[in-house]
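Student: Below is the file my_file-v1.txt, with compact mmCIF, C-alpha atoms and all ligand atoms.
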```txt
# COMPACT_ATOMS: atom_id res chain seq x y z
CA MET A 13 -16.04 24.58 9.31
CA ASP A 14 -18.88 22.23 8.46
CA GLU A 15 -21.05 22.81 5.40
CA ILE A 16 -24.05 24.23 7.22
CA SER A 17 -22.05 26.80 9.15
CA LYS A 18 -20.04 27.49 5.97
CA ARG A 19 -23.20 28.35 4.08
CA THR A 20 -24.43 30.56 6.89
CA PHE A 21 -21.04 32.26 6.95
CA LEU A 22 -21.09 32.96 3.23
CA ALA A 23 -24.72 34.01 3.28
CA ALA A 24 -23.84 36.58 5.89
CA GLY A 25 -21.60 38.17 3.28
CA LEU A 26 -18.44 37.45 5.22
CA ALA A 27 -16.66 35.53 2.47
CA ALA A 28 -14.28 38.44 1.97
CA ALA A 29 -12.97 37.74 5.47
CA LEU A 30 -11.21 34.59 4.20
CA PRO A 31 -7.42 34.97 4.23
CA ILE A 32 -5.88 35.69 0.84
CA GLY A 33 -4.70 32.43 -0.75
CA ALA A 34 -7.00 30.28 1.38
CA PRO A 35 -8.61 27.43 -0.59
CA SER A 36 -11.86 28.42 -2.21
CA LEU A 37 -14.95 27.09 -0.50
CA GLY A 38 -16.82 26.60 -3.78
CA ALA A 39 -18.96 29.03 -5.72
CA ASN A 40 -22.52 29.60 -4.64
CA ALA A 41 -21.99 27.33 -1.63
CA ASP A 42 -25.00 28.97 -0.07
CA GLU A 43 -27.32 28.21 -2.99
CA PRO A 44 -29.71 25.44 -1.93
CA GLY A 45 -30.05 22.50 -4.31
CA ARG A 46 -27.11 23.53 -6.44
CA LYS A 47 -25.06 20.83 -8.17
CA LEU A 48 -21.60 20.27 -6.70
CA GLY A 49 -18.68 20.44 -9.13
CA TYR A 50 -16.44 17.44 -9.70
CA ALA A 51 -12.92 17.42 -11.13
CA ILE A 52 -12.01 14.04 -12.60
CA LEU A 53 -8.34 13.24 -12.05
CA GLY A 54 -6.88 10.51 -14.33
CA LEU A 55 -8.56 10.14 -17.70
CA GLY A 56 -8.26 6.39 -18.25
CA TYR A 57 -10.83 3.73 -19.04
CA TYR A 58 -12.98 3.85 -15.92
CA ALA A 59 -13.03 7.65 -15.76
CA THR A 60 -13.82 8.33 -19.40
CA ARG A 61 -15.91 5.32 -20.40
CA ILE A 62 -17.86 4.57 -17.24
CA ILE A 63 -17.96 7.55 -14.86
CA MET A 64 -17.95 10.73 -16.93
CA PRO A 65 -21.04 9.88 -19.03
CA ARG A 66 -22.99 9.30 -15.76
CA PHE A 67 -23.00 12.93 -14.68
CA ALA A 68 -25.83 13.37 -17.19
CA GLU A 69 -28.12 11.45 -14.80
CA CYS A 70 -26.93 13.16 -11.60
CA GLU A 71 -29.19 15.46 -9.60
CA HIS A 72 -26.58 16.98 -7.29
CA SER A 73 -23.32 16.64 -9.20
CA LYS A 74 -21.80 18.01 -12.38
CA LEU A 75 -18.49 17.62 -14.17
CA VAL A 76 -16.61 20.95 -14.10
CA ALA A 77 -12.88 20.19 -14.39
CA LEU A 78 -10.37 17.65 -15.70
CA VAL A 79 -6.87 16.67 -14.52
CA SER A 80 -4.56 14.58 -16.68
CA GLY A 81 -0.91 14.07 -17.59
CA THR A 82 -1.83 13.91 -21.29
CA PRO A 83 -2.60 17.25 -23.02
CA GLU A 84 -4.44 15.51 -25.90
CA LYS A 85 -6.87 13.88 -23.45
CA LEU A 86 -7.51 17.22 -21.76
CA LYS A 87 -8.33 18.73 -25.15
CA THR A 88 -10.47 15.83 -26.43
CA PHE A 89 -12.52 15.31 -23.27
CA GLY A 90 -12.53 19.03 -22.46
CA GLU A 91 -14.18 19.75 -25.78
CA GLN A 92 -16.54 16.76 -25.49
CA TYR A 93 -17.80 17.84 -22.06
CA GLY A 94 -17.59 21.60 -22.55
CA ILE A 95 -14.87 22.09 -19.90
CA PRO A 96 -13.11 25.44 -20.50
CA GLU A 97 -9.30 25.53 -20.68
CA SER A 98 -9.21 27.39 -17.36
CA HIS A 99 -10.66 24.22 -15.76
CA ARG A 100 -8.19 21.76 -17.34
CA TYR A 101 -5.14 20.88 -15.22
CA SER A 102 -1.97 18.85 -15.67
CA TYR A 103 -0.56 16.93 -12.70
CA GLU A 104 1.95 19.80 -12.36
CA THR A 105 -0.66 22.58 -12.29
CA PHE A 106 -3.19 20.53 -10.29
CA ASP A 107 -2.58 22.38 -6.99
CA GLN A 108 -3.90 25.59 -8.58
CA ILE A 109 -7.33 23.95 -8.39
CA ALA A 110 -7.37 25.47 -4.86
CA SER A 111 -8.39 28.78 -6.37
CA ASN A 112 -11.12 27.36 -8.61
CA PRO A 113 -14.43 27.95 -6.80
CA ASP A 114 -16.36 25.75 -9.25
CA VAL A 115 -14.61 22.60 -8.02
CA ASP A 116 -15.98 21.08 -4.81
CA ILE A 117 -14.79 17.48 -5.22
CA VAL A 118 -11.77 15.80 -6.82
CA TYR A 119 -12.38 12.21 -7.98
CA VAL A 120 -9.09 10.29 -8.09
CA ILE A 121 -9.16 7.53 -10.76
CA THR A 122 -5.46 6.75 -11.29
CA PRO A 123 -3.36 3.62 -10.71
CA ASN A 124 -3.60 2.64 -7.05
CA SER A 125 -0.18 3.82 -5.86
CA LEU A 126 -1.07 7.40 -6.84
CA HIS A 127 -4.31 7.55 -4.82
CA ARG A 128 -2.56 8.75 -1.68
CA THR A 129 -0.60 11.64 -3.12
CA PHE A 130 -3.49 12.99 -5.19
CA THR A 131 -5.90 12.67 -2.26
CA GLU A 132 -3.48 14.58 -0.04
CA ARG A 133 -2.98 17.29 -2.67
CA ALA A 134 -6.74 17.61 -3.26
CA ALA A 135 -7.43 17.93 0.47
CA LYS A 136 -4.66 20.52 0.81
CA ALA A 137 -6.34 22.45 -2.02
CA GLY A 138 -9.50 22.51 0.11
CA LYS A 139 -11.45 20.00 -1.97
CA HIS A 140 -13.49 16.98 -0.88
CA VAL A 141 -12.26 13.67 -2.30
CA MET A 142 -13.80 10.65 -3.99
CA CYS A 143 -11.07 8.02 -4.44
CA GLU A 144 -11.24 4.77 -6.36
CA LYS A 145 -10.80 1.33 -4.84
CA PRO A 146 -8.50 -0.01 -3.57
CA MET A 147 -8.14 3.10 -1.46
CA ALA A 148 -4.32 2.78 -1.47
CA ASN A 149 -1.55 0.21 -1.50
CA THR A 150 -1.07 0.00 2.27
CA VAL A 151 -2.84 0.56 5.56
CA ALA A 152 -0.33 3.30 6.34
CA ASP A 153 -1.25 5.15 3.12
CA CYS A 154 -4.98 4.86 3.92
CA GLU A 155 -4.40 6.29 7.40
CA ALA A 156 -2.43 9.20 5.94
CA MET A 157 -5.26 9.94 3.47
CA ILE A 158 -7.87 9.94 6.23
CA ALA A 159 -5.67 12.23 8.34
CA ALA A 160 -5.12 14.64 5.41
CA CYS A 161 -8.85 14.99 4.72
CA LYS A 162 -9.64 15.33 8.41
CA LYS A 163 -7.00 18.05 8.81
CA ALA A 164 -8.45 19.93 5.84
CA GLY A 165 -12.01 19.47 7.13
CA ARG A 166 -12.98 17.74 3.89
CA LYS A 167 -14.90 14.51 3.23
CA LEU A 168 -13.33 11.37 1.81
CA MET A 169 -15.34 8.65 0.08
CA ILE A 170 -14.18 5.48 -1.67
CA GLY A 171 -15.68 4.37 -5.01
CA TYR A 172 -17.47 1.27 -3.74
CA ARG A 173 -20.28 1.64 -6.28
CA SER A 174 -21.97 -1.72 -5.44
CA ARG A 175 -23.32 -0.17 -2.24
CA PHE A 176 -25.56 1.94 -4.49
CA GLN A 177 -26.63 -0.93 -6.80
CA ALA A 178 -30.15 -2.34 -6.51
CA HIS A 179 -29.34 -6.08 -6.17
CA ASN A 180 -26.65 -5.46 -3.59
CA ILE A 181 -28.93 -3.11 -1.62
CA GLU A 182 -31.63 -5.81 -1.75
CA ALA A 183 -29.27 -8.58 -0.61
CA ILE A 184 -28.16 -6.50 2.37
CA LYS A 185 -31.78 -5.68 3.25
CA LEU A 186 -32.93 -9.32 3.09
CA ILE A 187 -30.08 -10.34 5.35
CA ARG A 188 -30.62 -7.50 7.85
CA ASP A 189 -34.37 -8.26 7.87
CA GLY A 190 -33.46 -11.79 9.01
CA MET A 191 -34.94 -13.56 5.99
CA LEU A 192 -32.07 -16.08 5.90
CA GLY A 193 -31.66 -16.31 9.67
CA PRO A 194 -28.17 -15.52 10.94
CA VAL A 195 -25.62 -15.60 8.09
CA ARG A 196 -23.52 -18.76 8.27
CA THR A 197 -21.46 -18.50 5.07
CA VAL A 198 -20.65 -16.17 2.23
CA VAL A 199 -19.01 -17.56 -0.88
CA ALA A 200 -17.74 -14.77 -3.15
CA ASP A 201 -15.78 -15.24 -6.38
CA HIS A 202 -14.35 -12.44 -8.50
CA GLY A 203 -11.91 -12.67 -11.36
CA PHE A 204 -11.20 -11.78 -14.95
CA THR A 205 -8.64 -12.84 -17.49
CA ILE A 206 -6.05 -10.10 -17.68
CA GLY A 207 -4.35 -9.32 -20.99
CA ASP A 208 -1.48 -6.92 -21.77
CA PRO A 209 1.49 -7.91 -19.58
CA LYS A 210 2.78 -4.30 -19.68
CA GLN A 211 -0.24 -2.69 -17.97
CA TRP A 212 0.04 -0.98 -14.58
CA ARG A 213 -2.21 -3.59 -12.92
CA LEU A 214 0.65 -6.11 -13.28
CA ASN A 215 3.27 -3.70 -11.91
CA LYS A 216 3.58 -4.18 -8.16
CA ALA A 217 4.79 -0.64 -7.44
CA LEU A 218 1.77 0.89 -9.19
CA ALA A 219 -0.89 -1.68 -8.27
CA GLY A 220 0.23 -2.66 -4.76
CA GLY A 221 -0.53 -6.32 -5.49
CA GLY A 222 -2.30 -8.52 -7.99
CA SER A 223 -5.85 -9.73 -8.47
CA LEU A 224 -6.75 -9.27 -4.80
CA MET A 225 -6.12 -5.52 -4.90
CA ASP A 226 -8.05 -5.06 -8.11
CA ILE A 227 -10.92 -7.55 -8.39
CA GLY A 228 -10.73 -9.85 -5.34
CA ILE A 229 -11.43 -6.77 -3.23
CA TYR A 230 -15.05 -7.15 -4.42
CA SER A 231 -15.21 -10.61 -2.79
CA LEU A 232 -13.77 -9.20 0.42
CA ASN A 233 -15.88 -6.05 0.48
CA ALA A 234 -19.04 -8.07 -0.24
CA ALA A 235 -18.24 -10.52 2.58
CA ARG A 236 -18.00 -7.53 4.91
CA TYR A 237 -21.16 -5.71 3.79
CA LEU A 238 -23.23 -8.89 3.52
CA THR A 239 -22.36 -10.13 7.00
CA GLY A 240 -22.19 -6.60 8.41
CA GLU A 241 -19.21 -7.78 10.46
CA GLU A 242 -15.44 -7.33 10.51
CA PRO A 243 -13.30 -10.46 10.16
CA ILE A 244 -11.24 -11.56 13.15
CA ALA A 245 -9.14 -14.30 11.52
CA VAL A 246 -7.87 -15.04 8.02
CA ASN A 247 -6.43 -18.00 6.10
CA ALA A 248 -5.24 -17.78 2.50
CA VAL A 249 -3.66 -19.77 -0.31
CA GLU A 250 -1.98 -18.19 -3.33
CA SER A 251 -1.42 -19.93 -6.67
CA THR A 252 0.54 -18.09 -9.35
CA ASP A 253 2.44 -19.41 -12.35
CA ARG A 254 5.57 -17.26 -12.13
CA ASN A 255 6.60 -18.45 -15.61
CA ASP A 256 3.58 -16.63 -17.01
CA ILE A 257 4.94 -13.30 -18.25
CA ARG A 258 1.94 -11.49 -16.74
CA PHE A 259 2.68 -12.63 -13.21
CA LYS A 260 6.34 -11.76 -12.66
CA GLU A 261 5.46 -9.23 -9.95
CA VAL A 262 1.91 -9.82 -8.71
CA GLU A 263 -0.30 -12.76 -7.78
CA ASP A 264 -2.82 -14.42 -10.08
CA VAL A 265 -5.06 -16.56 -7.85
CA ILE A 266 -5.55 -16.04 -4.15
CA SER A 267 -8.32 -17.67 -2.17
CA PHE A 268 -9.05 -16.73 1.39
CA GLN A 269 -11.22 -17.67 4.35
CA LEU A 270 -12.52 -15.15 6.82
CA LYS A 271 -13.94 -15.83 10.26
CA PHE A 272 -16.37 -13.30 11.73
CA PRO A 273 -17.20 -12.71 15.42
CA SER A 274 -20.67 -14.31 15.08
CA GLY A 275 -19.07 -17.54 13.83
CA ALA A 276 -20.04 -16.85 10.20
CA THR A 277 -17.32 -17.58 7.66
CA ALA A 278 -16.59 -16.38 4.15
CA ASN A 279 -14.72 -18.08 1.33
CA GLY A 280 -13.36 -15.52 -1.11
CA TYR A 281 -11.77 -16.19 -4.45
CA SER A 282 -9.76 -13.78 -6.59
CA ALA A 283 -8.11 -14.37 -9.97
CA TYR A 284 -6.53 -12.72 -12.98
CA SER A 285 -6.84 -15.91 -15.06
CA ALA A 286 -10.53 -16.86 -14.77
CA ASN A 287 -13.85 -15.05 -15.11
CA PHE A 288 -16.16 -14.95 -12.08
CA ASN A 289 -18.49 -12.37 -10.61
CA ARG A 290 -20.82 -13.83 -8.00
CA TYR A 291 -21.65 -14.41 -4.37
CA ARG A 292 -23.97 -16.63 -2.35
CA VAL A 293 -25.02 -15.87 1.23
CA THR A 294 -26.48 -18.74 3.22
CA GLY A 295 -28.25 -18.96 6.54
CA PRO A 296 -30.42 -21.60 8.24
CA LYS A 297 -33.59 -20.29 6.56
CA GLY A 298 -32.32 -19.91 2.99
CA PHE A 299 -29.89 -18.25 0.64
CA VAL A 300 -29.40 -15.27 -1.67
CA ASP A 301 -27.39 -15.70 -4.85
CA CYS A 302 -26.20 -12.90 -7.14
CA GLU A 303 -24.51 -13.55 -10.47
CA PRO A 304 -23.26 -11.30 -11.84
CA ALA A 305 -23.11 -9.55 -8.51
CA THR A 306 -20.87 -6.50 -8.78
CA SER A 307 -20.57 -5.92 -12.54
CA TYR A 308 -21.24 -2.57 -14.23
CA GLU A 309 -24.69 -3.84 -15.28
CA GLY A 310 -26.78 -6.99 -15.76
CA GLN A 311 -26.95 -8.16 -12.14
CA SER A 312 -29.30 -11.01 -11.41
CA MET A 313 -30.51 -12.54 -8.17
CA ARG A 314 -32.00 -15.83 -6.96
CA ALA A 315 -33.25 -16.40 -3.48
CA ARG A 316 -34.73 -19.16 -1.37
CA PHE A 317 -36.43 -18.56 1.95
CA SER A 318 -39.98 -18.79 3.18
CA GLY A 319 -42.39 -17.66 0.45
CA GLN A 320 -39.62 -17.17 -2.08
CA ASN A 321 -37.88 -19.71 -4.27
CA GLY A 322 -36.36 -18.59 -7.55
CA PRO A 323 -35.43 -15.37 -9.35
CA ARG A 324 -35.95 -12.18 -7.38
CA GLU A 325 -36.31 -8.65 -8.66
CA PRO A 326 -34.90 -6.12 -6.22
CA ALA A 327 -36.74 -2.97 -5.27
CA PRO A 328 -35.98 -0.42 -8.02
CA GLN A 329 -33.50 2.33 -7.17
CA PRO A 330 -33.98 5.85 -8.49
CA LYS A 331 -30.52 6.01 -10.08
CA ASN A 332 -27.91 3.72 -11.59
CA GLN A 333 -25.07 2.80 -9.22
CA PHE A 334 -22.56 5.29 -10.71
CA SER A 335 -24.78 8.40 -10.62
CA ALA A 336 -26.03 7.38 -7.17
CA GLN A 337 -22.44 7.08 -5.93
CA LEU A 338 -21.51 10.51 -7.33
CA ASP A 339 -24.62 12.14 -5.89
CA HIS A 340 -24.18 10.45 -2.51
CA LEU A 341 -20.96 12.35 -1.81
CA SER A 342 -22.50 15.62 -3.02
CA GLU A 343 -25.51 15.11 -0.74
CA CYS A 344 -23.26 14.23 2.19
CA ILE A 345 -21.35 17.49 1.66
CA LEU A 346 -24.53 19.53 1.33
CA THR A 347 -26.10 18.03 4.44
CA GLY A 348 -23.01 17.50 6.59
CA ARG A 349 -23.31 13.67 6.73
CA GLU A 350 -20.52 11.07 6.57
CA PRO A 351 -20.45 9.02 3.35
CA LEU A 352 -21.73 5.43 3.57
CA VAL A 353 -18.35 4.29 2.23
CA SER A 354 -15.89 6.71 3.83
CA GLY A 355 -12.13 6.44 4.02
CA GLU A 356 -12.58 4.21 7.09
CA GLU A 357 -14.30 1.66 4.87
CA GLY A 358 -11.39 1.62 2.42
CA LEU A 359 -8.97 1.31 5.33
CA LYS A 360 -10.87 -1.70 6.74
CA ASP A 361 -10.50 -3.56 3.42
CA LEU A 362 -6.78 -2.79 3.28
CA ARG A 363 -6.31 -4.11 6.83
CA VAL A 364 -7.85 -7.43 5.78
CA ILE A 365 -5.94 -7.47 2.47
CA GLU A 366 -2.66 -7.09 4.34
CA ALA A 367 -3.73 -9.96 6.63
CA ILE A 368 -4.67 -12.14 3.63
CA TYR A 369 -1.27 -11.59 2.01
CA ARG A 370 0.46 -12.35 5.31
CA ALA A 371 -1.61 -15.53 5.83
CA ALA A 372 -0.71 -16.74 2.31
CA ARG A 373 2.97 -15.90 2.72
CA GLU A 374 3.35 -17.46 6.16
CA GLY A 375 0.96 -20.38 5.66
CA ARG A 376 -0.89 -19.75 8.91
CA THR A 377 -4.04 -18.24 10.33
CA VAL A 378 -3.61 -14.51 10.87
CA LYS A 379 -5.70 -12.90 13.60
CA ILE A 380 -6.90 -9.35 13.03
P1 LIG B 1 -6.57 2.92 -16.75
O1 LIG B 1 -5.20 2.36 -17.00
O2 LIG B 1 -7.58 2.81 -17.82
O3 LIG B 1 -6.45 4.49 -16.40
C1 LIG B 1 -5.49 4.98 -15.50
C2 LIG B 1 -5.22 6.44 -15.81
O4 LIG B 1 -4.21 6.92 -14.93
C3 LIG B 1 -4.73 6.68 -17.24
O5 LIG B 1 -5.39 7.76 -17.79
C4 LIG B 1 -3.27 6.99 -17.07
O6 LIG B 1 -2.78 7.88 -18.06
C5 LIG B 1 -3.24 7.64 -15.70
N1 LIG B 1 -1.95 7.58 -15.05
C6 LIG B 1 -1.44 8.55 -14.32
N2 LIG B 1 -0.21 8.24 -13.88
C7 LIG B 1 0.05 7.01 -14.34
C8 LIG B 1 1.16 6.14 -14.21
N3 LIG B 1 2.25 6.47 -13.49
N4 LIG B 1 1.08 4.94 -14.81
C9 LIG B 1 0.00 4.56 -15.50
N5 LIG B 1 -1.08 5.37 -15.66
C10 LIG B 1 -1.05 6.57 -15.07
O7 LIG B 1 -7.07 2.30 -15.40
P2 LIG B 1 -8.58 2.25 -14.87
O8 LIG B 1 -9.15 0.92 -15.19
O9 LIG B 1 -9.29 3.45 -15.26
O10 LIG B 1 -8.31 2.25 -13.28
C11 LIG B 1 -8.02 3.45 -12.56
C12 LIG B 1 -8.46 3.29 -11.10
O11 LIG B 1 -9.86 3.06 -11.07
C13 LIG B 1 -7.83 2.12 -10.37
O12 LIG B 1 -7.59 2.46 -9.02
C14 LIG B 1 -8.87 1.03 -10.45
O13 LIG B 1 -8.80 0.10 -9.39
C15 LIG B 1 -10.15 1.84 -10.40
N6 LIG B 1 -11.27 1.18 -11.10
C16 LIG B 1 -12.44 1.05 -10.43
C17 LIG B 1 -13.51 0.45 -11.05
C18 LIG B 1 -14.82 0.32 -10.32
O14 LIG B 1 -15.72 -0.35 -10.84
N7 LIG B 1 -15.00 0.97 -9.18
C19 LIG B 1 -13.39 -0.05 -12.34
C20 LIG B 1 -12.17 0.12 -13.00
C21 LIG B 1 -11.12 0.74 -12.36
```
Go ahead and express the file in the form of structure tokens.
Tutor:
Amino acid sequence: MDEISKRTFLAAGLAAALPIGAPSLGANADEPGRKLGYAILGLGYYATRIIMPRFAECEHSKLVALVSGTPEKLKTFGEQYGIPESHRYSYETFDQIASNPDVDIVYVITPNSLHRTFTERAAKAGKHVMCEKPMANTVADCEAMIAACKKAGRKLMIGYRSRFQAHNIEAIKLIRDGMLGPVRTVVADHGFTIGDPKQWRLNKALAGGGSLMDIGIYSLNAARYLTGEEPIAVNAVESTDRNDIRFKEVEDVISFQLKFPSGATANGYSAYSANFNRYRVTGPKGFVDCEPATSYEGQSMRARFSGQNGPREPAPQPKNQFSAQLDHLSECILTGREPLVSGEEGLKDLRVIEAIYRAAREGRTVKI
């Protein structure tokens, strides 16, 4: 049942007709303009330090539940955000969230290999899902997640926050408006110097891969949203010091070339041993440069095309990228639209990632 017909159904006072044990459709689903309730699943750095504080600036979203494997975190963050004990779940009790009408959306922010199972469980509990990038470790997992949400009639969105960030929105607009002429090249570099060798990001089973899965995905995703095209061929070179204790299981550096149907190309760089966060898009009439491009804050832009040569301030956006991302899914649910960055978008990145790894391994161009 879509959201509009669901609201009509509830408004008609027929909610009692739902079968006993059926997932709750959310409290007050018929109340216009209400804030949708999020459960945050996985209380690590990104969830607690970056995302949770941003609900304060949301118009359509609120934090109503927490899911964690660590009781102390549930207590600490539960008290900090005023989440009652009835709305705090362990990974074992998580499925009971089905009967919590305050929760509309589960936001999965765990290590990558767990994205699939928690997305499937959330969908089965009748909840919509926001899932962090990379969507999952494999194309097969992404397809299973899309199928699970589709079967449950619930929406699935991936946490590609840059699509809601002012400089990235501006870059896409300039390109689509033809200010650079047809895009010829994108150069996109993303990396950071990774520390603790024991962290999950360096464990292949949990992370699915190395820097490409974690940070290089920003180079790839940007190449796709800047060109607005899907790559048809991929080359890649990997360079990893396997004597470095951090890189026993996953890659450090991987650089890749993408060819798009229009003839545009992209050079992407990804590393766990160097700090980069930038892209440049070039066409016959000029270029757009962003550095940093996809960071949490502090983006800056330079552009050169007719009438413009130097720093450029993007059109202001009403919300920061995190609150805008959270509210986007809520609005899509309330209005029955598909999210800008749905599960299909996460799947497309994983398809190219698998091709990049294959191209590096086999030393040849891989066609997609
Ligand atoms: P983190 O290590 O800080 O947090 C991970 C959380 O998952 C921890 O609370 C941990 O206890 C929990 N967890 C559950 N099962 C676990 C297991 N088997 N092993 C290890 N931890 C387990 O990681 P993070 O930086 O918060 O990243 C979490 C997810 O968010 C990742 O998918 C990552 O790619 C994504 N992320 C996205 C952004 C972004 O800007 N969109 C930024 C950072 C992280």
Student: Show which residues sit within 8 Å of Glu263 (chain A), as a ChimeraX atom specification. Count all atoms listed in the file, and ignore same-chain residues fewer than 6 positions away.
Tutor: /A:221-224,250-252
Student: In Å to one decimal, how far is CA of Tyr50 (chain A) from CA of Pro113 (chain A)?
Tutor: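 Here the two named atoms are 11.1 Å from each other.
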Student: Which residues, written as an mmCIF file with C-alpha atoms, in the frame of the given file, have at least one atom at most 6 Å from region 171-187 of chain A, with all atoms listed in the file counted and residues fewer than 2 positions away on the same chain left out?
Tutor:
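part.cif was written with the following content:
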```
data_model
loop_
_atom_site.group_PDB
_atom_site.id
_atom_site.type_symbol
_atom_site.label_atom_id
_atom_site.label_comp_id
_atom_site.auth_asym_id
_atom_site.auth_seq_id
_atom_site.Cartn_x
_atom_site.Cartn_y
_atom_site.Cartn_z
ATOM 1 C CA CYS A 143 -11.070 8.020 -4.440
ATOM 2 C CA GLU A 144 -11.240 4.770 -6.360
ATOM 3 C CA LYS A 145 -10.800 1.330 -4.840
ATOM 4 C CA ASP A 189 -34.370 -8.260 7.870
ATOM 5 C CA GLY A 190 -33.460 -11.790 9.010
ATOM 6 C CA MET A 191 -34.940 -13.560 5.990
ATOM 7 C CA LEU A 238 -23.230 -8.890 3.520
ATOM 8 C CA THR A 306 -20.870 -6.500 -8.780
ATOM 9 C CA PRO A 326 -34.900 -6.120 -6.220
ATOM 10 C CA GLN A 329 -33.500 2.330 -7.170
ATOM 11 C CA GLN A 333 -25.070 2.800 -9.220
ATOM 12 C CA GLN A 337 -22.440 7.080 -5.930
#
```
Student: Between CA of Glu71 (chain A) and CA of Tyr119 (chain A), what is the distance, to one decimal in Å?
Tutor: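 Distance reported for this atom pair: 17.2 Å.
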Student: What does the list of residues within 9 Å of ligand LIG 1 (chain B) look like if you count all atoms listed in the file, written as a PyMOL selection string?
Tutor: chain A and resi 53-62+80-82+85+103+120-127+143-148+170-174+211-213+218-219+225-227+306-308+334
Student: So, with all atoms listed in the file as the atoms that count, which of A:Met169, A:Val118, A:Ile95, A:Ala68 lies closest to Ile52 (chain A)?
Tutor: A:Val118
Student: Could you name the residues that touch Tyr101 (chain A) at 9 Å or less, counting all atoms listed in the file, but leaving out those on the same chain fewer than 6 positions away, as an MDAnalysis selection string?
Tutor: chainID A and resid 53 77:81 83 86 107:109
Student: Of the residues A:Thr239, A:Ser312, A:Gln269, A:Asn332, which is the one nearest to Arg290 (chain A), using all atoms listed in the file?
Tutor: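 Smallest distance to Arg290 (chain A) is found for A:Ser312.
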Student: At a cut-off of 10 Å from (-21.9, 10.9, 0.8) in the coordinates of the file, what residues are picked up using only C-alpha atoms, written as a ChimeraX atom specification?
Tutor: /A:142,167-170,336-354
Student: Taking (-9.0, -7.7, 12.1) in the file's coordinates, which residues come within 10 Å, counting all atoms listed in the file, written as a CSV table (one decimal) with C-alpha atoms, in the coordinates of the input?
Tutor:
```
chain,number,residue,atom,x,y,z
A,242,GLU,CA,-15.4,-7.3,10.5
A,243,PRO,CA,-13.3,-10.5,10.2
A,244,ILE,CA,-11.2,-11.6,13.2
A,245,ALA,CA,-9.1,-14.3,11.5
A,246,VAL,CA,-7.9,-15.0,8.0
A,270,LEU,CA,-12.5,-15.2,6.8
A,271,LYS,CA,-13.9,-15.8,10.3
A,272,PHE,CA,-16.4,-13.3,11.7
A,360,LYS,CA,-10.9,-1.7,6.7
A,361,ASP,CA,-10.5,-3.6,3.4
A,363,ARG,CA,-6.3,-4.1,6.8
A,364,VAL,CA,-7.8,-7.4,5.8
A,367,ALA,CA,-3.7,-10.0,6.6
A,378,VAL,CA,-3.6,-14.5,10.9
A,379,LYS,CA,-5.7,-12.9,13.6
A,380,ILE,CA,-6.9,-9.4,13.0
```
Student: If you measure from CA of Ala164 (chain A) to CA of Val151 (chain A), what distance in Å do you get, rounded to one decimal?
Tutor: 20.2 Å
Student: So which residues touch region 199-209 of chain A within 7 Å, counting all atoms listed in the file, skipping near sequence neighbours fewer than 5 positions away, as a PyMOL selection string?
Tutor: chain A and resi 214+227-228+230-231+257-258+278-293
Student: Find the residue from A:Ala315, A:Ala156, A:Ile63, A:Val265 that sits nearest to Glu303 (chain A); use only C-alpha atoms when measuring.
Tutor: A:Ala315
Student: Nearest residue to Leu359 (chain A) out of A:Gly220, A:Lys74, A:Asn233, A:Gly49, using all atoms listed in the file?
Tutor: A:Asn233
